[in-house]
Structure formats: C-alpha cells, structure tokens
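Taking it in order: structure first as structure tokens, then the write-up.
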Amino acid sequence: MYALFDDAGKFLAGRVMTEADSSMQIELDSGKRVKVKAANVLLKFEKPLPAELIAEGQRLAREIDLDLAWEFAPDAEFGFADLARDYFDSKAGVEKQAAALFRLFEAPHYFRRLGKGQFKKAPEEIVKAALLGIERKKQLAAQIEGWAAELAAGQCPAPVREQLYKILFRPDKNAAEYKAVVEASRRAQKAPLDLLTAAGAIDSPYQFHWRRFLFENFPKGTAFPPLSAPAIKDDLPVAAVQAFSIDDSQTTEIDDALSVQGLGSGTVVFGVHIAAPSLAIAPDSPVDKVARDRLSTVYMPGYKLTMLPDDVVQAYTLQAGRDCPAVSLYVSFDEATLKVTGSETKLERVPIAANLRHDQLDAVITEATLLGEAPAAYEFAPELAFCFRLARHLKAGREQVRGKPELFNRADYNFKLEGNDGAEPQGHERVSIGTRQRGSPLDLIVAEAMILANSTWGGWLNELGVPGIYRSQASMAPGVKVRMGTKAAPHAGMGVAQYTWATSPLRRYVDLLNQWQIVACARHGRTAALAAPFKPKDAALFSVISSFDAAYSAYNGFQSGIERYWTLKYLEQNGIAELDAAVMKEGLVRADTLPLVFRAVGADRLPRGARVKVRITGTDLLTLDVHASVLSRIDDPDTSADDAVIEDAEVENDSDSEDVAAGPLTLAIDVAGDAGDEEAPAPDAATAATPAA
C-alpha cells in the first residue's frame with residue numbers, strides 16, 4: 001500500500017512500511033524512511049506507483065479551471081476528494097483526487113485551507129480582489145521585464161531616469177524601477193552605475209553629483225518662498241568708529257567687521273562688529289523657518305546656496321558706506337602689554353568705512369608692512385598693524401594653553417570657473433586653481449578676532465546663566481572630536497575656556513540662534529535668562545544641534561567632493577599626467593600643488609613624509625577616483641631633512657582636518673543579492689554614501 005502525505009506544505013508519496021493508530025512509517029522512492037503523523041496522510045492507494053501518481057496528478061491539476069472549480073464547490077466546508085468527484089466524475093480515482101488536492105492547495109485566493117485536506121471557497125469579492133492583484137502583478141512583471149530589456153539595450157526608460165537617485169541611494173527594493181535596474185545589471189553583466197551611464201540616465205558626472213546632493217538635501221528644490229526682510233525697529237545709537245571688514249571678493253554675506261580706537265593713548269579699544277539679523281528676525285517667523293530649514297550656506301566652486309534669500313542678506317550685511325545694525329564687542333587692552341582691561345557688548349549702528357578683500361590685498365598687506373619693516377601704503381595701516389600685533393599675541397596665548405603651536409603647512413586653494421559669473425555651473429567650465437597660504441596676516445587678524453569674540457561671548461552667556469550652543473573638545477588626544485552642546489566647556493584644540501559660534505549669523509543658523517541669546521544679555525543683563533528666547537534644557541536647542549550637525553556635515557562633504565571633481569577636471573583640461581606628492585599613510589599621497597589626496601600604487605612601501613613623483617594613469621569623474629602609481633622617489637632616502645611635514649588629523653581652527661582617501665562611490669543598490677521581495681525593508685538613509693573627499 002502507498003500513501004500521499006503533506007510534509008510542511010509539500011506533497012510526498014511512498015510505500016507504507018508500518019502503520020499505527022497515530023502514525024505511519026513510509027519509505028520514499030529515494031529509500032529514505034520517514035515517520036508521518038496519521039493526520040497528515042491524505043490518500044492511501046494501491047496503484048499507481050507514488051511517482052506516477054504525483055506526476056499524473058500535477059498534469060491533471062494544470063487542466064482544472066479554477067473559476068469552474070469555484071462554481072462547482074459547495075459553500076460549506078469540503079474535502080478535495082469531494083471536489084474531484086464534482087469536477088471530474090463521481091468515480092474520480094486517486095489521480096484525479098490528487099489533482100484536485102494540488103490545484104486547491106495552490107489557489108488560496110479561491111479556496112481557503114482548513115487543514116487535513118479540507119477547504120472552503122473564498123467569498124466572491126475576495127476572489128475578484130485577488131485576481132485583480134494577480135493581474136497587476138503580471139503587468140508589473142511585464143513592465144519590469146520591458147524596462148530591463150531597454151536598459152540592457154542602452155536606453156533608459158523615463159520612470160527609471162526620474163527615480164535615478166532614489167534607486168541608487170535610497171531605494172525601495174520592491175519598486176519596479178529598482179527591480180528593473182537590478183535585472184538589467186545582471187542581464188548585461190554591468191555594474192549599475194556603468195549600466196545607467198551607458199543608457200543615458202546620467203547627463204554628466206557634474207550633474208550626477210549636483211543632482212544627487214539636491215535629492216538628499218533639497219528634495220523640494222532650492223528656491224526660496226516669497227520673503228521680505230523684517231525691519232529693525234530698535235532705535236540704535238550710531239557707534240563712534242570707522243569699521244572695516246576683511247573678506248574674499250566673492251563674499252556677499254559680510255557678517256563681521258573690526259575697529260580700533262585709542263591708538264597712542266595707552267588704552268586701545270578693539271571692536272568686533274557682527275551683523276545683527278537677530279534684531280529683526282524673530283524665532284519661528286517665516287524668515288527664521290527658512291534659515292532653520294537650511295541651517296547653513298552651502299559653498300562650492302563658482303556657486304553657493306545661501307542660508308537666507310539675497311534680499312534678506314543685503315538688508316543686514318555689513319556693506320561699506322552704510323551705518324549697519326550690529327552686535328559689537330569692545331575689548332579694552334593695555335596698549336603696551338596687551339593685557340585685557342575690560343569688555344562690553346553693545347547693540348548699535350556701526351559705520352562701515354570699507355570692505356577690504358583678501359585676494360586684492362594679501363600681496364600688499366604683508367608681515368613686513370604690518371611690522372613697520374616696509375612702507376604701508378594702504379588705508380587703515382595703523383589699525384591693521386595693531387590688529388596684527390594683537391592677533392599674534394592672542395594666538396601665542398592660545399598656543400600656550402594648547403601645549404603646541406598651530407601649524408599652517410598647507411595652502412588654501414581657490415577655485416575659479418571661467419565665464420561662470422555666479423550662475424549655476426554645468427560642469428564643463430574651464431577651471432583655474434589658485435593658492436593662498438593659510439595663516440597669512442589678514443587671515444590671522446580675522447581668525448583671532450572671531451575666536452576672541454566667540455570665546456568672550458561664550459563666557460558671558462555662561463556667567464549670566466543663559467544657554468547657548470557651544471563647541472568643545474575635551475583634549476587633543478587622537479580621536480577626540482569637537483562636539484556641540486549647550487554647556488560651556490573647554491575647547492582644547494582652540495586653547496580657550498569655552499567657544500561658541502556667534503560671528504556668522506547670516507550664513508550659519510547656530511550663530512543666529514546664539515546671537516538671539518547674546519542680544520538678550522545685552523538688553524537685560526543679570527535677568528537675561530528670563531527674557532532669552534531659549535531656556536536651559538530647551539528641547540529646541542538639542543533639536544538644532546542634531547539637525548545642524550547632520551546638515552553641516554553633508555554640506556562640507558559635498559563641498560569637498562565637488563572641489564575634488566573640479567581638481568580632476570583641472571588635470572584633464574591641462575593634460576597633467578605627473579604630480580609631485582608626499583606619502584601619507586596606507587598608500588595615500590598628497591599632491592604638492594593641488595588639493596588632492598589619492599592612492600598610488602607603490603606608496604604603501606614608502607615611509608610617511610617621503611616625497612615622490614606620481615604618474616596619473618586615469619581619473620573617473622563619476623566616482624571621483626584617481627588611478628596612479630609612484631614613478632620615483634624625489635627626496636633623499638638616507639635623510640629626513642627633505643621629508644614633507646604631514647600633519648596628524650587634529651583640530652585646526654575648529655575644523656576637523658582629516659585626510660580621507662578617495663574611493664569608489666558606494667551605492668545602496670544590491671545586484672549580488674536578490675532583486676527585492678515583499679519582506680525586504682528599505683535601506684536606511686545612512687547607506688547612501690557621500691562622494692570621496
């Protein structure tokens with residue numbers, strides 16, 4: 001005797017060896033013997049052979065019309081043998097009974113399984129809905145097949161193009177567009193990025209990087225809603241100073257200016273004047289909501305996305321020739337010793353006498369002219385000379401606290417796109433890359449003035465019990481990062497007791513928020529904590545910190561990546577195939593004259609600091625990768641005297657200076673795995689990689 005039984009949803013048949021009340025021992029055709037519960041045995045038969053029964057049952061099952069079977073089935077619970085007799089004939093044998101069982105079991109949308117070979121037909125509306133779903137699934141499968149065929153043939157369907165960045169970086173693995181790309185990649189045996197490039201989905205490498213950044217950070221676009229700059233209603237006194245700002249020519253958001261009073265009197269009052277949008281923009285106002293949404297200006301070669309609309313910026317920027325509302329910090333110094341004798345914060349209108357520009361004056365305002373060793377034929381010469389003397393004094397004091405000097409071994413690089421004129425770049429413009437040595441006199445003057453203001457105001461907020469957003473660093477040990485928080489704490493990298501960001505309120509939201517708190521202190525003094533917009537342990541402060549950290553990191557990552565794009569474009573446009581470089585760690589090298597860190601074959605065998613000539617064998621503007629190898633060593637291997645100075649990753653001027661290697665772009669699309677299923681969760685946003693810096 002033979003038996004057909006259900007083994008966890010799979011039907012098997014074999015010879016019955018022994019039978020008890022509750023179980024049977026059955027031998028399969030393979031020779032394997034299994035113990036089967038009696039409740040799982042659905043048919044007992046003498047013939048045909050088990051394999052023949054299953055084969056014939058499956059053949060007959062395919063001939064059963066489910067709609068007709070559903071019509072024949074009774075409304076009450078029934079067994080598969082009953083349906084076989086109703087559908088085929090009253091004497092339906094075991095083959096037809098097995099066919100009915102197989103067909104019923106594989107059609108749960110028509111017949112509900114009740115166990116032990118029993119079924120009940122589904123209500124008509126359930127059947128119609130299920131059939132509609134099956135039809136849609138067939139259509140979807142056909143759509144995926146069609147799109148995959150188009151992609152493999154080198155054509156990109158419009159829906160795939162529209163979902164390009166979502167497919168690559170934040171995919172829904174059950175979406176038809178995603179499945180089509182995966183299927184096409186397998187069929188064409190191409191990586192997804194190569195496949196989509198060949199199919200024309202990516203217009204250009206530059207547009208790929210730009211549109212991806214917008215997709216991740218500006219999904220609603222970059223346009224501002226209609227906004228007007230609120231007027232400052234305060235009746236502010238006009239300061240008795242002639243202030244000057246120091247910025248690059250491209251700077252339109254002029255946040256800060258300086259002034260010097262009392263030269264030659266024995267006491268010099270040094271003024272740091274910060275644009276005061278906080279006097280007009282109220283928390284939760286329409287303009288504030290826009291600023292809080294963007295959190296910072298985004299910078300890139302030839303273009304920028306400002307935190308605030310230009311009309312709003314121009315209403316508060318420290319433009320030369322105007323008396324501009326400002327939050328001013330006045331610090332009094334003994335002129336001989338530069339000892340601090342007092343400080344004061346005022347809300348006032350500050351006459352801006354000039355907007356000085358780095359790129360026009362760096363070659364003119366030099367250390368020699370500032371120290372009186374060469375003629376100083378420029379305006380504000382005495383004031384700038386004092387500012388430089390003060391800056392060096394402040395820097396030396398911070399370095400004493402830091403325990404080591406700040407190094408400025410690398411140049412800052414400036415990118416200029418020819419014919420761009422501030423319009424959105426297209427990626428094909430000719431690029432020039434200039435240098436400006438970090439730590440130049442004008443740089444030092446501005447940096448130290450801002451550190452002085454930010455650390456002084458941070459201490460004042462803390463003294464009055466008014467919360468603010470601080471930046472701190474517990475120590476300068478390797479791996480200890482700068483953190484943002486609401487409590488004053490030392491910043492080891494800066495060498496100050498506390499440090500806020502409050503000097504760029506037109507381009508960083510944290511600075512605007514801190515300025516609201518500082519204004520409350522200036523207006524209310526000891527009772528400022530009661531009047532300040534943000535209270536201690538205010539949840540809004542922690543929300544801003546979290547949002548700002550994420551946005552600022554993304555913006556800086558994009559800036560680094562797009563600068564790398566233009567650097568590779570510069571190599572291409574100028575036919576540069578060889579570079580002098582310094583060896584770093586793990587096979588990385590840093591170019592001497594370009595902002596470029598990359599891997600070079602052979603560099604991993606050389607000591608850190610060794611200087612080499614490197615051949616560029618290829619670049620990839622899409623992945624921002626560089627293919628290179630070391631040609632020769634150009635320093636003396638027997639001495640370290642001519643080795644390059646390689647800075648360890650440490651905080652310099654409050655920015656994390658880490659050397660990150662370029663690598664292939666990481667995608668969230670998985671061709672190696674399955675093409676997505678109904679149970680697969682969508683990947684976390686964190687799986688979308690940033691371009692190599």
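Labeling convention for the structure tokens: chains A, B, ... as they appear, residues from 1 per chain, ligands from 1 in order of appearance.
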
When DSSP is applied to the backbone of this structure, which of region 380-544 of chain A are assigned alpha helix (DSSP H)? Write them out as a VMD selection string. chain A and resid 381 to 402 441 to 463 509 to 524 528 to 531 539 to 544

(Q) Taking 5 positions as the minimum chain separation for residues in the same chain, which residues sit within 12 Å of Tyr378 (chain A) when counting only C-alpha atoms? Answer as number ranges by chain. (A) A: 354, 356, 360-366, 369-370, 383-385

I want to know what sits within 12 Å of Ser296 (chain A), based on only C-alpha atoms, with residues of the same chain fewer than 5 positions away left out; could you give that as a ChimeraX atom specification? /A:217,253,290-291,304-308,504-512,544,547-556

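Nearest to Pro286 (chain A) of all the residues A:Val671, A:Leu258, A:Ala240, A:Leu227 is A:Leu227, counting only C-alpha atoms.
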
- Quick one: DSSP strand (DSSP E) residues in region 93-253 of chain A, as a PyMOL selection string? chain A and resi 111-115+118-121+243-247

Written file, previous selection with all heavy atoms, as a short mmCIF file (atom, residue, chain, number, x, y, z; two decimals), in the first residue's frame:
```cif
data_model
loop_
_atom_site.label_atom_id
_atom_site.label_comp_id
_atom_site.auth_asym_id
_atom_site.auth_seq_id
_atom_site.Cartn_x
_atom_site.Cartn_y
_atom_site.Cartn_z
N PHE A 111 -9.65 29.27 -2.65
CA PHE A 111 -10.06 28.30 -1.64
C PHE A 111 -9.19 28.44 -0.39
O PHE A 111 -7.95 28.40 -0.47
CB PHE A 111 -9.94 26.87 -2.18
CG PHE A 111 -10.74 26.63 -3.43
CD1 PHE A 111 -10.13 26.68 -4.68
CD2 PHE A 111 -12.10 26.38 -3.35
CE1 PHE A 111 -10.87 26.47 -5.83
CE2 PHE A 111 -12.85 26.17 -4.51
CZ PHE A 111 -12.24 26.22 -5.76
N ARG A 112 -9.82 28.59 0.74
CA ARG A 112 -9.10 28.70 2.00
C ARG A 112 -8.73 27.31 2.51
O ARG A 112 -9.56 26.40 2.49
CB ARG A 112 -9.95 29.42 3.04
CG ARG A 112 -10.26 30.86 2.67
CD ARG A 112 -11.20 31.48 3.68
NE ARG A 112 -11.49 32.88 3.36
CZ ARG A 112 -12.39 33.62 3.98
NH1 ARG A 112 -13.12 33.08 4.97
NH2 ARG A 112 -12.59 34.86 3.62
N ARG A 113 -7.52 27.14 2.99
CA ARG A 113 -7.08 25.86 3.51
C ARG A 113 -7.51 25.74 4.96
O ARG A 113 -7.24 26.61 5.78
CB ARG A 113 -5.56 25.76 3.42
CG ARG A 113 -5.00 25.99 2.03
CD ARG A 113 -3.50 26.17 2.09
NE ARG A 113 -2.96 26.62 0.82
CZ ARG A 113 -1.76 27.16 0.66
NH1 ARG A 113 -0.98 27.33 1.73
NH2 ARG A 113 -1.33 27.55 -0.52
N LEU A 114 -8.14 24.62 5.28
CA LEU A 114 -8.60 24.38 6.65
C LEU A 114 -7.82 23.26 7.32
O LEU A 114 -8.04 22.96 8.49
CB LEU A 114 -10.10 24.04 6.65
CG LEU A 114 -11.02 25.11 6.05
CD1 LEU A 114 -12.47 24.63 6.09
CD2 LEU A 114 -10.88 26.42 6.80
N GLY A 115 -6.91 22.61 6.58
CA GLY A 115 -6.12 21.52 7.15
C GLY A 115 -6.75 20.17 6.91
O GLY A 115 -7.97 20.04 6.69
N GLN A 118 -9.06 19.60 3.93
CA GLN A 118 -10.35 20.28 3.90
C GLN A 118 -10.17 21.73 3.42
O GLN A 118 -9.16 22.38 3.70
CB GLN A 118 -10.98 20.30 5.30
CG GLN A 118 -11.31 18.91 5.84
CD GLN A 118 -12.39 18.22 5.03
OE1 GLN A 118 -12.09 17.28 4.30
NE2 GLN A 118 -13.62 18.71 5.14
N PHE A 119 -11.18 22.22 2.70
CA PHE A 119 -11.13 23.56 2.12
C PHE A 119 -12.50 24.22 2.23
O PHE A 119 -13.51 23.56 2.47
CB PHE A 119 -10.71 23.50 0.64
CG PHE A 119 -9.33 22.95 0.42
CD1 PHE A 119 -9.12 21.57 0.31
CD2 PHE A 119 -8.24 23.79 0.34
CE1 PHE A 119 -7.85 21.06 0.11
CE2 PHE A 119 -6.96 23.28 0.14
CZ PHE A 119 -6.77 21.91 0.03
N LYS A 120 -12.49 25.55 2.02
CA LYS A 120 -13.75 26.30 1.94
C LYS A 120 -13.54 27.40 0.92
O LYS A 120 -12.53 28.09 0.94
CB LYS A 120 -14.10 26.90 3.30
CG LYS A 120 -15.46 27.62 3.34
CD LYS A 120 -15.76 28.09 4.76
CE LYS A 120 -17.05 28.88 4.82
NZ LYS A 120 -18.24 28.08 4.43
N LYS A 121 -14.48 27.55 0.00
CA LYS A 121 -14.25 28.52 -1.05
C LYS A 121 -14.38 29.95 -0.51
O LYS A 121 -15.17 30.22 0.39
CB LYS A 121 -15.20 28.30 -2.23
CG LYS A 121 -16.65 28.64 -2.02
CD LYS A 121 -17.39 28.38 -3.34
CE LYS A 121 -18.86 28.81 -3.26
NZ LYS A 121 -19.56 28.57 -4.54
N ALA A 243 34.62 101.30 10.94
CA ALA A 243 34.92 99.86 10.90
C ALA A 243 35.24 99.40 9.49
O ALA A 243 34.85 100.03 8.50
CB ALA A 243 33.74 99.07 11.46
N PHE A 244 35.95 98.31 9.40
CA PHE A 244 36.31 97.72 8.10
C PHE A 244 36.17 96.20 8.20
O PHE A 244 36.44 95.60 9.24
CB PHE A 244 37.74 98.10 7.70
CG PHE A 244 38.77 97.79 8.74
CD1 PHE A 244 39.42 96.55 8.79
CD2 PHE A 244 39.10 98.75 9.71
CE1 PHE A 244 40.36 96.28 9.76
CE2 PHE A 244 40.05 98.47 10.69
CZ PHE A 244 40.68 97.24 10.72
N SER A 245 35.72 95.59 7.11
CA SER A 245 35.61 94.13 7.05
C SER A 245 36.75 93.57 6.22
O SER A 245 37.37 94.30 5.42
CB SER A 245 34.27 93.71 6.45
OG SER A 245 34.19 94.10 5.08
N ILE A 246 37.05 92.31 6.37
CA ILE A 246 38.09 91.63 5.59
C ILE A 246 37.52 90.30 5.10
O ILE A 246 37.28 89.39 5.90
CB ILE A 246 39.36 91.38 6.44
CG1 ILE A 246 39.89 92.68 7.05
CG2 ILE A 246 40.44 90.70 5.60
CD1 ILE A 246 41.04 92.49 8.03
N ASP A 247 37.27 90.21 3.80
CA ASP A 247 36.67 89.00 3.20
C ASP A 247 37.24 88.81 1.80
O ASP A 247 37.97 89.66 1.28
CB ASP A 247 35.15 89.14 3.10
CG ASP A 247 34.47 89.22 4.46
OD1 ASP A 247 34.31 88.17 5.09
OD2 ASP A 247 34.11 90.34 4.87
#
```

Practice item. Give me, please, the distance in Å between CA of Lys116 (chain A) and CA of Trp70 (chain A), quoted to one decimal. Key: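 Answer for the CA of Lys116 (chain A) to CA of Trp70 (chain A) separation: 19.4 Å.
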
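CA of Ala502 (chain A) is positioned 18.6 Å from CA of Lys289 (chain A).
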
Spatial neighbours of Leu329 (chain A), max dist 8 Å, only C-alpha atoms, sep filter under 4 positions, as a PyMOL selection string
chain A and resi 271-273+343-346+453

Would you save the residues from that selection as a PDB file, in the first residue's frame, using N, CA, C and O atoms?
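Final output, out-v6.pdb:
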```pdb
ATOM      1  N   GLY A 271      37.310  96.641  18.545  1.00  0.00           N
ATOM      2  CA  GLY A 271      35.901  96.338  18.320  1.00  0.00           C
ATOM      3  C   GLY A 271      35.702  95.219  17.315  1.00  0.00           C
ATOM      4  O   GLY A 271      36.332  95.206  16.250  1.00  0.00           O
ATOM      5  N   VAL A 272      34.847  94.258  17.656  1.00  0.00           N
ATOM      6  CA  VAL A 272      34.416  93.210  16.723  1.00  0.00           C
ATOM      7  C   VAL A 272      32.925  93.429  16.510  1.00  0.00           C
ATOM      8  O   VAL A 272      32.138  93.336  17.463  1.00  0.00           O
ATOM      9  N   HIS A 273      32.537  93.724  15.278  1.00  0.00           N
ATOM     10  CA  HIS A 273      31.165  94.104  14.970  1.00  0.00           C
ATOM     11  C   HIS A 273      30.529  93.020  14.100  1.00  0.00           C
ATOM     12  O   HIS A 273      31.042  92.712  13.017  1.00  0.00           O
ATOM     13  N   SER A 343      35.694  94.581  28.929  1.00  0.00           N
ATOM     14  CA  SER A 343      34.961  94.283  27.699  1.00  0.00           C
ATOM     15  C   SER A 343      33.517  94.714  27.865  1.00  0.00           C
ATOM     16  O   SER A 343      32.995  94.789  28.997  1.00  0.00           O
ATOM     17  N   GLU A 344      32.868  94.979  26.728  1.00  0.00           N
ATOM     18  CA  GLU A 344      31.500  95.473  26.743  1.00  0.00           C
ATOM     19  C   GLU A 344      30.825  95.072  25.443  1.00  0.00           C
ATOM     20  O   GLU A 344      31.448  95.083  24.377  1.00  0.00           O
ATOM     21  N   THR A 345      29.553  94.724  25.529  1.00  0.00           N
ATOM     22  CA  THR A 345      28.771  94.387  24.336  1.00  0.00           C
ATOM     23  C   THR A 345      27.695  95.447  24.144  1.00  0.00           C
ATOM     24  O   THR A 345      26.987  95.798  25.088  1.00  0.00           O
ATOM     25  N   LYS A 346      27.563  95.928  22.902  1.00  0.00           N
ATOM     26  CA  LYS A 346      26.588  96.967  22.595  1.00  0.00           C
ATOM     27  C   LYS A 346      25.770  96.586  21.367  1.00  0.00           C
ATOM     28  O   LYS A 346      26.270  95.923  20.452  1.00  0.00           O
ATOM     29  N   ALA A 453      35.937  86.989  20.033  1.00  0.00           N
ATOM     30  CA  ALA A 453      34.510  87.287  20.214  1.00  0.00           C
ATOM     31  C   ALA A 453      33.741  86.048  20.644  1.00  0.00           C
ATOM     32  O   ALA A 453      32.941  86.085  21.594  1.00  0.00           O
TER      33      ALA A 453
END
```

Can you tell me which residues surround Leu318 (chain A) at a distance of at most 7 Å, considering only C-alpha atoms, apart from same-chain residues fewer than 6 positions away, and format the answer as a PDB file with all heavy atoms, in the first residue's frame?
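Okay, around09.pdb is ready:
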```pdb
ATOM      1  N   ILE A 254      28.483  89.545   4.399  1.00  0.00           N
ATOM      2  CA  ILE A 254      29.556  90.113   5.218  1.00  0.00           C
ATOM      3  C   ILE A 254      29.052  90.193   6.653  1.00  0.00           C
ATOM      4  O   ILE A 254      28.279  91.074   7.019  1.00  0.00           O
ATOM      5  CB  ILE A 254      29.978  91.500   4.691  1.00  0.00           C
ATOM      6  CG1 ILE A 254      30.397  91.386   3.218  1.00  0.00           C
ATOM      7  CG2 ILE A 254      31.126  92.057   5.533  1.00  0.00           C
ATOM      8  CD1 ILE A 254      30.713  92.724   2.572  1.00  0.00           C
ATOM      9  N   ASP A 255      29.487  89.235   7.464  1.00  0.00           N
ATOM     10  CA  ASP A 255      28.997  89.105   8.835  1.00  0.00           C
ATOM     11  C   ASP A 255      29.767  89.962   9.833  1.00  0.00           C
ATOM     12  O   ASP A 255      29.206  90.350  10.857  1.00  0.00           O
ATOM     13  CB  ASP A 255      29.117  87.646   9.314  1.00  0.00           C
ATOM     14  CG  ASP A 255      28.203  86.704   8.569  1.00  0.00           C
ATOM     15  OD1 ASP A 255      27.003  86.737   8.828  1.00  0.00           O
ATOM     16  OD2 ASP A 255      28.709  85.931   7.735  1.00  0.00           O
ATOM     17  N   ALA A 275      27.117  91.523  12.128  1.00  0.00           N
ATOM     18  CA  ALA A 275      25.803  91.842  11.571  1.00  0.00           C
ATOM     19  C   ALA A 275      24.717  91.302  12.487  1.00  0.00           C
ATOM     20  O   ALA A 275      24.847  90.213  13.059  1.00  0.00           O
ATOM     21  CB  ALA A 275      25.669  91.247  10.174  1.00  0.00           C
ATOM     22  N   CYS A 324      25.429 100.189   9.717  1.00  0.00           N
ATOM     23  CA  CYS A 324      24.775  98.882   9.746  1.00  0.00           C
ATOM     24  C   CYS A 324      24.479  98.437  11.180  1.00  0.00           C
ATOM     25  O   CYS A 324      25.356  98.510  12.054  1.00  0.00           O
ATOM     26  CB  CYS A 324      25.666  97.846   9.068  1.00  0.00           C
ATOM     27  SG  CYS A 324      26.016  98.224   7.339  1.00  0.00           S
ATOM     28  N   ILE A 352      30.370 101.461   8.431  1.00  0.00           N
ATOM     29  CA  ILE A 352      31.322 100.575   7.751  1.00  0.00           C
ATOM     30  C   ILE A 352      32.060 101.412   6.713  1.00  0.00           C
ATOM     31  O   ILE A 352      31.488 101.817   5.693  1.00  0.00           O
ATOM     32  CB  ILE A 352      30.613  99.382   7.085  1.00  0.00           C
ATOM     33  CG1 ILE A 352      29.748  98.635   8.112  1.00  0.00           C
ATOM     34  CG2 ILE A 352      31.646  98.437   6.471  1.00  0.00           C
ATOM     35  CD1 ILE A 352      30.497  98.045   9.280  1.00  0.00           C
TER      36      ILE A 352
END
```

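Atom pair CA of Tyr206 (chain A) / CA of Gly427 (chain A): separated by 5.0 Å.
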
As number ranges by chain, please: the residues near Thr500 (chain A) (cut-off 6 Å, only C-alpha atoms, same-chain neighbours under 5 positions excluded). A: 454, 458, 470-471

### Query
Between A:Glu183, A:Asp284, A:Asp311, A:Asp82, which one has atoms that come closest to Ala152 (chain A), using only C-alpha atoms?
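The shortest atom-to-atom distance to Ala152 (chain A) comes from A:Glu183.
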
Fill in: For Ala201 (chain A), the nearest of the candidates A:Ala8, A:Ala231, A:Ala315, A:Val160, counting only C-alpha atoms
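So, comparing all the options, the nearest one is A:Val160.
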
>> When you count only C-alpha atoms, which of these residues is closest to Asn174 (chain A): A:Val312, A:Ala198, A:Leu42, A:Ala141?
In response: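 When distances to Asn174 (chain A) are compared using only C-alpha atoms, the smallest one comes from A:Ala141.
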